[in-house]
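Colleague: Have a peek at my_file_3.cif (mmCIF, C-alpha atoms and all ligand atoms).
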data_my_file
loop_
_atom_site.group_PDB
_atom_site.id
_atom_site.type_symbol
_atom_site.label_atom_id
_atom_site.label_comp_id
_atom_site.auth_asym_id
_atom_site.auth_seq_id
_atom_site.Cartn_x
_atom_site.Cartn_y
_atom_site.Cartn_z
ATOM 1 C CA MET A 38 96.681 182.299 158.114
ATOM 2 C CA GLY A 39 94.810 182.505 154.809
ATOM 3 C CA LEU A 40 91.666 180.575 153.963
ATOM 4 C CA MET A 41 93.644 177.952 152.045
ATOM 5 C CA GLY A 42 96.015 177.429 154.957
ATOM 6 C CA PHE A 43 93.059 177.085 157.338
ATOM 7 C CA LEU A 44 91.430 174.443 155.123
ATOM 8 C CA ASP A 45 94.723 172.562 154.825
ATOM 9 C CA ARG A 46 94.986 172.547 158.636
ATOM 10 C CA LEU A 47 91.411 171.269 158.814
ATOM 11 C CA ALA A 48 92.306 168.407 156.476
ATOM 12 C CA ASP A 49 95.000 167.370 158.989
ATOM 13 C CA VAL A 50 92.578 166.986 161.914
ATOM 14 C CA ASP A 51 92.140 163.265 162.596
ATOM 15 C CA THR A 52 89.793 163.537 165.603
ATOM 16 C CA PHE A 53 86.715 162.389 163.691
ATOM 17 C CA ASP A 54 88.299 159.752 161.449
ATOM 18 C CA LYS A 55 86.733 156.852 163.349
ATOM 19 C CA ALA A 56 83.348 158.559 163.532
ATOM 20 C CA MET A 57 83.313 158.968 159.728
ATOM 21 C CA GLU A 58 83.933 155.289 158.981
ATOM 22 C CA PRO A 59 80.372 153.958 159.498
ATOM 23 C CA ALA A 60 79.066 156.576 157.057
ATOM 24 C CA ARG A 61 81.749 155.639 154.568
ATOM 25 C CA ARG A 62 80.992 151.940 154.865
ATOM 26 C CA ALA A 63 77.275 152.621 154.446
ATOM 27 C CA VAL A 64 77.897 154.521 151.203
ATOM 28 C CA GLN A 65 80.299 151.840 149.962
ATOM 29 C CA SER A 66 77.645 149.162 150.550
ATOM 30 C CA VAL A 67 75.364 150.757 147.929
ATOM 31 C CA PRO A 68 75.178 148.578 144.748
ATOM 32 C CA SER A 69 77.972 149.470 142.334
ATOM 33 C CA ALA A 70 75.545 150.224 139.468
ATOM 34 C CA VAL A 71 73.923 152.935 141.611
ATOM 35 C CA LYS A 72 77.282 154.313 142.734
ATOM 36 C CA ASP A 73 78.498 154.472 139.133
ATOM 37 C CA LEU A 74 75.382 156.445 138.266
ATOM 38 C CA LEU A 75 76.240 158.868 141.085
ATOM 39 C CA HIS A 76 79.969 159.071 140.240
ATOM 40 C CA GLY A 77 79.231 159.919 136.586
ATOM 41 C CA THR A 78 81.053 156.862 135.194
ATOM 42 C CA TRP A 79 78.318 156.605 132.517
ATOM 43 C CA LEU A 80 78.957 160.254 131.534
ATOM 44 C CA GLY A 81 82.768 160.066 131.459
ATOM 45 C CA HIS A 82 82.767 163.099 133.773
ATOM 46 C CA PRO A 83 82.120 163.546 137.513
ATOM 47 C CA VAL A 84 78.410 164.248 137.929
ATOM 48 C CA HIS A 85 78.572 165.981 141.345
ATOM 49 C CA PRO A 86 79.844 169.350 140.005
ATOM 50 C CA VAL A 87 77.057 169.257 137.402
ATOM 51 C CA LEU A 88 74.294 168.535 139.936
ATOM 52 C CA VAL A 89 75.387 171.181 142.459
ATOM 53 C CA GLN A 90 74.745 173.922 139.905
ATOM 54 C CA VAL A 91 70.994 173.632 140.508
ATOM 55 C CA PRO A 92 70.821 174.246 144.298
ATOM 56 C CA VAL A 93 73.625 176.818 144.229
ATOM 57 C CA GLY A 94 72.140 178.677 141.259
ATOM 58 C CA SER A 95 68.609 178.522 142.698
ATOM 59 C CA TRP A 96 69.648 179.787 146.127
ATOM 60 C CA VAL A 97 71.834 182.605 144.802
ATOM 61 C CA SER A 98 69.003 183.695 142.488
ATOM 62 C CA ALA A 99 66.531 183.508 145.380
ATOM 63 C CA GLY A 100 68.851 185.760 147.410
ATOM 64 C CA ILE A 101 68.696 188.394 144.667
ATOM 65 C CA LEU A 102 64.901 188.166 144.251
ATOM 66 C CA ASP A 103 64.337 188.312 148.019
ATOM 67 C CA ALA A 104 65.821 191.820 147.974
ATOM 68 C CA PHE A 105 62.678 192.957 146.116
ATOM 69 C CA PRO A 106 59.424 192.458 148.101
ATOM 70 C CA ALA A 107 57.319 191.926 144.966
ATOM 71 C CA MET A 108 59.596 189.085 143.872
ATOM 72 C CA ARG A 109 59.503 187.072 147.098
ATOM 73 C CA PRO A 110 56.953 184.496 145.874
ATOM 74 C CA ALA A 111 59.348 183.692 142.996
ATOM 75 C CA ALA A 112 62.245 183.512 145.493
ATOM 76 C CA THR A 113 60.254 180.988 147.533
ATOM 77 C CA VAL A 114 59.833 178.785 144.446
ATOM 78 C CA LEU A 115 63.587 178.945 143.811
ATOM 79 C CA ILE A 116 64.376 178.052 147.423
ATOM 80 C CA GLY A 117 62.110 174.998 147.137
ATOM 81 C CA THR A 118 63.807 174.048 143.863
ATOM 82 C CA GLY A 119 67.196 174.280 145.550
ATOM 83 C CA VAL A 120 66.060 172.144 148.494
ATOM 84 C CA ALA A 121 64.776 169.400 146.156
ATOM 85 C CA ALA A 122 67.874 169.530 143.936
ATOM 86 C CA SER A 123 70.254 169.363 146.897
ATOM 87 C CA LEU A 124 69.315 165.718 147.545
ATOM 88 C CA PRO A 125 70.723 164.131 144.336
ATOM 89 C CA ALA A 126 73.697 166.514 144.568
ATOM 90 C CA ALA A 127 74.392 165.267 148.109
ATOM 91 C CA ALA A 128 74.036 161.627 147.040
ATOM 92 C CA SER A 129 76.588 162.029 144.232
ATOM 93 C CA GLY A 130 78.941 163.902 146.568
ATOM 94 C CA ALA A 131 78.694 161.128 149.154
ATOM 95 C CA ALA A 132 79.522 158.474 146.531
ATOM 96 C CA ASP A 133 82.653 160.392 145.441
ATOM 97 C CA TRP A 134 83.626 161.150 149.050
ATOM 98 C CA SER A 135 83.578 157.475 150.041
ATOM 99 C CA GLU A 136 86.366 156.667 147.543
ATOM 100 C CA GLN A 137 88.723 159.554 148.259
ATOM 101 C CA GLY A 138 91.887 159.825 150.346
ATOM 102 C CA ILE A 139 91.685 160.692 154.042
ATOM 103 C CA GLY A 140 92.487 164.422 153.664
ATOM 104 C CA VAL A 141 89.659 164.883 151.160
ATOM 105 C CA ARG A 142 87.306 162.793 153.310
ATOM 106 C CA ARG A 143 87.974 164.994 156.346
ATOM 107 C CA LEU A 144 87.208 168.211 154.479
ATOM 108 C CA GLY A 145 84.332 166.452 152.725
ATOM 109 C CA ALA A 146 82.776 165.683 156.105
ATOM 110 C CA VAL A 147 82.922 169.393 157.030
ATOM 111 C CA HIS A 148 81.460 170.221 153.601
ATOM 112 C CA ALA A 149 78.587 167.771 154.216
ATOM 113 C CA VAL A 150 77.840 169.130 157.710
ATOM 114 C CA ALA A 151 77.799 172.709 156.374
ATOM 115 C CA ASN A 152 75.529 171.719 153.473
ATOM 116 C CA THR A 153 73.154 169.958 155.870
ATOM 117 C CA LEU A 154 73.043 173.100 158.008
ATOM 118 C CA ALA A 155 72.328 175.238 154.926
ATOM 119 C CA LEU A 156 69.589 172.823 153.876
ATOM 120 C CA GLY A 157 68.037 173.017 157.355
ATOM 121 C CA LEU A 158 68.060 176.815 157.240
ATOM 122 C CA TYR A 159 66.356 176.819 153.841
ATOM 123 C CA VAL A 160 63.721 174.308 154.977
ATOM 124 C CA GLY A 161 63.160 176.560 157.992
ATOM 125 C CA SER A 162 62.825 179.538 155.652
ATOM 126 C CA LEU A 163 60.203 177.722 153.562
ATOM 127 C CA THR A 164 58.293 176.774 156.712
ATOM 128 C CA ALA A 165 58.378 180.357 158.025
ATOM 129 C CA ARG A 166 57.177 181.708 154.665
ATOM 130 C CA ALA A 167 54.326 179.183 154.576
ATOM 131 C CA LYS A 168 53.216 180.414 158.014
ATOM 132 C CA GLY A 169 53.292 184.039 156.911
ATOM 133 C CA ARG A 170 56.414 184.884 158.919
ATOM 134 C CA GLY A 171 58.166 186.565 155.979
ATOM 135 C CA THR A 172 60.902 188.360 157.914
ATOM 136 C CA LEU A 173 62.036 185.176 159.640
ATOM 137 C CA GLY A 174 61.927 183.462 156.238
ATOM 138 C CA LEU A 175 64.248 186.114 154.825
ATOM 139 C CA VAL A 176 66.699 185.899 157.720
ATOM 140 C CA LEU A 177 66.874 182.099 157.527
ATOM 141 C CA ALA A 178 67.323 182.155 153.744
ATOM 142 C CA TYR A 179 70.190 184.654 153.873
ATOM 143 C CA ALA A 180 71.805 182.667 156.700
ATOM 144 C CA GLY A 181 71.465 179.543 154.526
ATOM 145 C CA LEU A 182 73.069 181.371 151.618
ATOM 146 C CA GLY A 183 76.021 182.393 153.811
ATOM 147 C CA VAL A 184 76.569 178.836 155.061
ATOM 148 C CA ALA A 185 76.145 177.363 151.555
ATOM 149 C CA GLY A 186 78.685 179.881 150.221
ATOM 150 C CA GLY A 187 81.237 178.879 152.857
ATOM 151 C CA SER A 188 80.590 175.235 152.088
ATOM 152 C CA ALA A 189 81.085 175.896 148.364
ATOM 153 C CA ALA A 190 84.522 177.338 149.189
ATOM 154 C CA ILE A 191 85.399 174.073 150.952
ATOM 155 C CA GLY A 192 84.159 172.091 147.944
ATOM 156 C CA GLY A 193 86.281 174.271 145.674
ATOM 157 C CA HIS A 194 89.341 173.612 147.820
ATOM 158 C CA MET A 195 88.676 169.870 147.598
ATOM 159 C CA SER A 196 88.547 170.114 143.802
ATOM 160 C CA TYR A 197 91.297 172.600 143.050
ATOM 161 C CA ALA A 198 93.789 172.153 145.889
ATOM 162 C CA GLN A 199 93.218 168.481 146.710
ATOM 163 C CA SER A 200 92.440 167.372 143.128
ATOM 164 C CA SER A 201 89.275 165.580 144.168
ATOM 165 C CA GLY A 202 87.402 164.715 140.960
ATOM 166 C CA ALA A 203 90.302 165.806 138.736
ATOM 167 C CA SER A 204 91.829 163.346 136.272
ATOM 168 C CA HIS A 205 95.168 162.285 137.709
ATOM 169 C CA ALA A 206 95.979 160.624 134.387
ATOM 170 C CA ALA A 207 95.624 163.946 132.544
ATOM 171 C CA THR A 208 98.070 165.531 134.999
ATOM 172 C CA ALA A 209 100.600 162.737 134.392
ATOM 173 C CA ALA A 210 100.075 162.998 130.618
ATOM 174 C CA ARG A 211 101.008 166.664 130.691
ATOM 175 C CA ALA A 212 104.555 165.713 131.742
ATOM 176 C CA LEU A 213 104.977 163.333 128.805
ATOM 177 C CA SER A 214 106.957 164.183 125.684
ATOM 178 C CA SER A 215 104.937 164.592 122.464
ATOM 179 C CA ASP A 216 107.489 162.480 120.540
ATOM 180 C CA TRP A 217 107.083 158.828 119.625
ATOM 181 C CA ILE A 218 108.359 156.698 122.519
ATOM 182 C CA ASP A 219 110.074 153.370 121.904
ATOM 183 C CA LEU A 220 108.487 150.817 124.273
ATOM 184 C CA GLY A 221 110.702 147.954 123.128
ATOM 185 C CA PRO A 222 110.025 144.759 121.173
ATOM 186 C CA LEU A 223 106.446 143.523 120.856
ATOM 187 C CA ASP A 224 107.617 140.052 121.837
ATOM 188 C CA ASP A 225 108.814 141.315 125.233
ATOM 189 C CA LEU A 226 105.263 142.250 126.258
ATOM 190 C CA PRO A 227 103.300 139.597 128.164
ATOM 191 C CA GLU A 228 100.014 138.441 126.622
ATOM 192 C CA GLY A 229 96.717 139.666 128.109
ATOM 193 C CA ARG A 230 97.985 141.550 131.132
ATOM 194 C CA PRO A 231 99.397 145.044 131.637
ATOM 195 C CA ALA A 232 103.129 145.681 131.696
ATOM 196 C CA LEU A 233 105.018 148.712 132.956
ATOM 197 C CA ARG A 234 106.806 150.785 130.357
ATOM 198 C CA THR A 235 108.281 154.224 130.847
ATOM 199 C CA GLY A 236 107.896 157.374 128.822
ATOM 200 C CA THR A 237 109.973 160.482 129.239
ATOM 201 C CA GLY A 238 109.213 164.136 129.174
ATOM 202 C CA SER A 239 110.071 167.326 131.012
ATOM 203 C CA GLY A 240 112.974 165.497 132.652
ATOM 204 C CA VAL A 241 110.744 163.029 134.529
ATOM 205 C CA ALA A 242 109.862 159.405 133.915
ATOM 206 C CA VAL A 243 106.147 158.844 133.215
ATOM 207 C CA PRO A 244 104.862 155.301 133.874
ATOM 208 C CA LEU A 245 102.801 153.746 131.097
ATOM 209 C CA ALA A 246 100.639 150.627 131.094
ATOM 210 C CA ALA A 247 100.939 148.529 127.914
ATOM 211 C CA VAL A 248 98.516 145.679 127.212
ATOM 212 C CA ARG A 249 99.276 143.194 124.451
ATOM 213 C CA ARG A 250 96.590 141.037 122.872
ATOM 214 C CA GLY A 251 98.216 139.124 120.002
ATOM 215 C CA ALA A 252 99.643 141.641 117.561
ATOM 216 C CA ARG A 253 97.641 144.463 119.104
ATOM 217 C CA VAL A 254 98.956 146.721 121.865
ATOM 218 C CA ASP A 255 96.974 149.312 123.843
ATOM 219 C CA VAL A 256 99.001 151.830 125.818
ATOM 220 C CA PHE A 257 97.710 154.093 128.583
ATOM 221 C CA ILE A 258 99.139 156.557 131.035
ATOM 222 C CA GLY A 259 100.123 154.330 133.975
ATOM 223 C CA ALA A 260 98.574 156.505 136.713
ATOM 224 C CA CYS A 261 94.835 155.825 137.104
ATOM 225 C CA SER A 262 92.597 158.824 136.405
ATOM 226 C CA HIS A 263 90.837 158.283 139.757
ATOM 227 C CA LEU A 264 93.675 158.601 142.296
ATOM 228 C CA SER A 265 96.876 157.679 140.399
ATOM 229 C CA GLY A 266 96.724 153.941 141.139
ATOM 230 C CA PRO A 267 99.336 151.847 139.234
ATOM 231 C CA LEU A 268 97.359 150.536 136.249
ATOM 232 C CA TYR A 269 100.397 148.549 135.082
ATOM 233 C CA GLU A 270 99.877 146.360 138.173
ATOM 234 C CA GLY A 271 96.194 145.848 137.357
ATOM 235 C CA SER A 272 94.458 143.171 135.310
ATOM 236 C CA VAL A 273 92.547 142.728 132.066
ATOM 237 C CA GLU A 274 88.904 141.733 132.617
ATOM 238 C CA GLU A 275 85.549 141.663 130.859
ATOM 239 C CA VAL A 276 83.396 144.339 132.508
ATOM 240 C CA ARG A 277 79.838 144.966 131.340
ATOM 241 C CA GLY A 278 80.584 143.614 127.881
ATOM 242 C CA HIS A 279 83.865 145.500 127.392
ATOM 243 C CA THR A 280 87.452 144.287 127.668
ATOM 244 C CA CYS A 281 88.922 146.554 130.308
ATOM 245 C CA LEU A 282 92.092 147.433 132.138
ATOM 246 C CA VAL A 283 91.193 147.247 135.847
ATOM 247 C CA CYS A 284 92.916 149.374 138.482
ATOM 248 C CA PRO A 285 94.316 147.423 141.458
ATOM 249 C CA TRP A 286 93.421 150.147 143.977
ATOM 250 C CA HIS A 287 89.651 150.696 143.744
ATOM 251 C CA ASP A 288 88.627 148.444 140.840
ATOM 252 C CA SER A 289 87.828 151.112 138.263
ATOM 253 C CA ALA A 290 87.675 149.550 134.798
ATOM 254 C CA PHE A 291 88.774 151.367 131.616
ATOM 255 C CA ASP A 292 87.782 150.178 128.150
ATOM 256 C CA LEU A 293 90.868 149.011 126.250
ATOM 257 C CA GLU A 294 89.352 150.448 123.059
ATOM 258 C CA ASN A 295 89.186 154.066 124.141
ATOM 259 C CA GLY A 296 89.953 154.444 127.851
ATOM 260 C CA GLU A 297 86.324 155.226 128.768
ATOM 261 C CA PRO A 298 85.422 154.201 132.324
ATOM 262 C CA ARG A 299 83.076 151.182 132.388
ATOM 263 C CA ARG A 300 83.077 150.815 136.185
ATOM 264 C CA GLY A 301 83.781 153.412 138.848
ATOM 265 C CA PRO A 302 84.721 155.044 141.073
ATOM 266 C CA ALA A 303 86.605 156.646 138.165
ATOM 267 C CA ALA A 304 84.423 159.048 136.211
ATOM 268 C CA ASN A 305 87.162 160.470 133.990
ATOM 269 C CA PRO A 306 88.520 158.446 131.070
ATOM 270 C CA GLN A 307 92.051 157.061 131.097
ATOM 271 C CA GLU A 308 94.488 158.809 128.734
ATOM 272 C CA LYS A 309 95.308 156.468 125.855
ATOM 273 C CA LEU A 310 98.337 156.788 123.593
ATOM 274 C CA GLU A 311 98.542 156.283 119.829
ATOM 275 C CA VAL A 312 100.452 153.139 118.898
ATOM 276 C CA ARG A 313 102.326 151.979 115.809
ATOM 277 C CA MET A 314 104.761 149.158 115.115
ATOM 278 C CA GLU A 315 108.236 149.776 113.733
ATOM 279 C CA ALA A 316 110.389 146.768 112.863
ATOM 280 C CA GLY A 317 108.778 144.659 115.573
ATOM 281 C CA ARG A 318 109.031 147.393 118.202
ATOM 282 C CA VAL A 319 106.116 149.151 119.865
ATOM 283 C CA MET A 320 106.053 152.922 119.443
ATOM 284 C CA ALA A 321 103.588 155.106 121.368
ATOM 285 C CA ARG A 322 102.756 158.791 121.364
ATOM 286 C CA LEU A 323 100.390 161.060 123.237
ATOM 287 C CA PRO A 324 97.470 162.185 121.001
ATOM 288 C CA SER A 325 97.554 165.875 120.135
ATOM 289 C CA HIS A 326 94.499 166.708 122.292
ATOM 290 C CA ASN A 327 96.509 165.746 125.400
ATOM 291 C CA ARG A 328 99.544 167.856 124.610
HETATM 292 S S1 LIG B 401 93.159 154.831 141.895
HETATM 293 FE FE1 LIG B 401 91.117 154.488 142.455
HETATM 294 S S2 LIG B 401 90.379 153.189 140.921
HETATM 295 FE FE2 LIG B 401 92.397 153.575 140.335
#
Using structure tokens, write down the structure from this file.

Modeller:
Amino acid sequence: MGLMGFLDRLADVDTFDKAMEPARRAVQSVPSAVKDLLHGTWLGHPVHPVLVQVPVGSWVSAGILDAFPAMRPAATVLIGTGVAASLPAAASGAADWSEQGIGVRRLGAVHAVANTLALGLYVGSLTARAKGRGTLGLVLAYAGLGVAGGSAAIGGHMSYAQSSGASHAATAARALSSDWIDLGPLDDLPEGRPALRTGTGSGVAVPLAAVRRGARVDVFIGACSHLSGPLYEGSVEEVRGHTCLVCPWHDSAFDLENGEPRRGPAANPQEKLEVRMEAGRVMARLPSHNR
């Protein structure tokens, strides 16, 4: 069995599902403004992959410098930098983890345990170095690097194979035709709430969410960027001073003006279509940057 197959098997193990729930509930009880900061909703991009660059980069660089005895003081500084930077990276990862599907949460728990082990090894390395036990410090640091590398592979699998953090709306948009789509008469759309319309492309139907406010219509890909929730079954609400389309699954709110997330857990924007009217009918098309 290859590494990917092993990780997929791991994501099927339900033995620890109950044990994970208290941790999940604890993270979910954090105020939403703090969680949105950690998700990256304010940035319009998940912030966890940005933050992890610092500990990973610091520890890899320390591993290189540790190979040269004269450079070990600099390696120690980098290890300390990585230890400090791992804390905000872990907090953002925990916020994302708490709002993912069960398969991602299972692998995420393994990822968190491995990262905690790596952190412990690096703290041990710093302690050994401070006490003048340089060889032990080296051994612990290289062990930490090995564990952190394995954990990074799990994190990569969560992102690339399980689509954790990816925009599910962008994936749906890719299947949509680049032609203008006839969404029917304006008068058939309900006022102030989303309605399901369907676009076509690549032989598959792509659900769209159309919101009418008077003569204005905003049209989005119907699958929420967070985890593909049905936005056309959501609601229109004022969120933090913006009129938003709110997902019925986890309450993410997308600005009707531009699709930017105004409340998480979504960190990616929602794909919005161009709209024009033609003889009282609503026509929509995917913008060229999505094609
Ligand atoms: S699917 Fe999670 S907020 Fe929409």

Colleague: To one decimal in Å, tell me the separation between CA of Gly171 in chain A and CA of Trp96 in chain A.

Modeller: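 According to the coordinates, CA of Gly171 in chain A and CA of Trp96 in chain A are separated by 16.6 Å.
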
Colleague: The PyMOL selection byres (((chain A and resi 41-48) around 6) and not hetatm) on the file shown: which residues, as a PyMOL selection string?

Modeller: chain A and resi 38-40+49-50+140+143-144

Colleague: Give me, as a list in words, the set of residues whose atoms come within 9 Å of any atom of ligand LIG 401 (chain B), counting all atoms listed in the file.

Modeller: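 Residues lying within 9 Å of ligand LIG 401 (chain B): Glu136, Gln137, His205, Ala260, Cys261, Ser262, His263, Leu264, Ser265, Gly266, Pro267, Leu268, Val283, Cys284, Pro285, Trp286, His287, Asp288, Ser289, Ala290, Gly301, Pro302 and Ala303 of chain A.
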
Colleague: Pull the neighbourhood of (107.3, 158.7, 117.9) for me: all residues within 7 Å in file coordinates, counting all atoms listed in the file, as number ranges by chain.

Modeller: A: 216-218, 320-322

Colleague: Can you spell out as a ChimeraX atom specification the set of residues that the PyMOL selection byres (((chain A and resi 296) around 7) and not hetatm) selects in the structure I just provided?

Modeller: /A:291-295,297-298,306-309

Colleague: Which residue, A:Gly317, A:Leu323, A:Leu156, A:Pro244, has the smallest gap to Arg211 in chain A when you use only C-alpha atoms?

Modeller: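 That would be A:Leu323, the residue with the smallest distance to Arg211 in chain A.
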
Colleague: Using only C-alpha atoms, which of the listed residues (A:Val243, A:Gly238, A:Leu223, A:Arg253) sits closest to Val319 in chain A?

Modeller: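 Closest candidate: A:Leu223.
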
Colleague: Could you state the separation of CA of Leu213 in chain A and CA of Ile139 in chain A in Å, given to one decimal place?

Modeller: 28.6 Å

Colleague: Mind giving me the straight-line distance from CA of Met57 in chain A to CA of Arg142 in chain A in Å, one decimal?

Modeller: 8.5 Å

Colleague: Care to translate the PyMOL selection byres (((chain A and resi 82) around 9) and not hetatm) into actual residues of this file, as a compact mmCIF listing (two decimals) with C-alpha atoms, in the coordinates of the input?

Modeller:
# COMPACT_ATOMS: atom_id res chain seq x y z
CA HIS A 76 79.97 159.07 140.24
CA GLY A 77 79.23 159.92 136.59
CA THR A 78 81.05 156.86 135.19
CA TRP A 79 78.32 156.60 132.52
CA LEU A 80 78.96 160.25 131.53
CA GLY A 81 82.77 160.07 131.46
CA PRO A 83 82.12 163.55 137.51
CA VAL A 84 78.41 164.25 137.93
CA GLY A 202 87.40 164.72 140.96
CA ALA A 303 86.60 156.65 138.16
CA ALA A 304 84.42 159.05 136.21
CA ASN A 305 87.16 160.47 133.99
CA PRO A 306 88.52 158.45 131.07

Colleague: For Ala151 in chain A, which residue among A:Gly221, A:Gly251, A:Gly94, A:Gly187 is the nearest when counting all atoms listed in the file?

Modeller: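 Using all atoms listed in the file, the shortest distance to Ala151 in chain A belongs to A:Gly187.
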
Colleague: Fewer than 4 positions away in the same chain doesn't count, so skip those; otherwise give me all residues within 9 Å of Ala112 in chain A, counting all atoms listed in the file, as an mmCIF file with C-alpha atoms, in the frame of the given file.

Modeller:
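The resulting result00.cif:
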data_model
loop_
_atom_site.group_PDB
_atom_site.id
_atom_site.type_symbol
_atom_site.label_atom_id
_atom_site.label_comp_id
_atom_site.auth_asym_id
_atom_site.auth_seq_id
_atom_site.Cartn_x
_atom_site.Cartn_y
_atom_site.Cartn_z
ATOM 1 C CA SER A 95 68.609 178.522 142.698
ATOM 2 C CA TRP A 96 69.648 179.787 146.127
ATOM 3 C CA SER A 98 69.003 183.695 142.488
ATOM 4 C CA ALA A 99 66.531 183.508 145.380
ATOM 5 C CA GLY A 100 68.851 185.760 147.410
ATOM 6 C CA ILE A 101 68.696 188.394 144.667
ATOM 7 C CA LEU A 102 64.901 188.166 144.251
ATOM 8 C CA ASP A 103 64.337 188.312 148.019
ATOM 9 C CA MET A 108 59.596 189.085 143.872
ATOM 10 C CA ILE A 116 64.376 178.052 147.423
ATOM 11 C CA GLY A 117 62.110 174.998 147.137
#

Colleague: From (82.4, 156.7, 148.4), in the file's coordinates, out to 9 Å: which residues are reached, counting all atoms listed in the file? Answer as a list of chain:residue names.

Modeller: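 Final list of nearby residues, as requested, is A:Arg61, A:Arg62, A:Ala63, A:Val64, A:Gln65, A:Lys72, A:His76, A:Ser129, A:Gly130, A:Ala131, A:Ala132, A:Asp133, A:Trp134, A:Ser135, A:Glu136, A:Gln137, A:Pro302.
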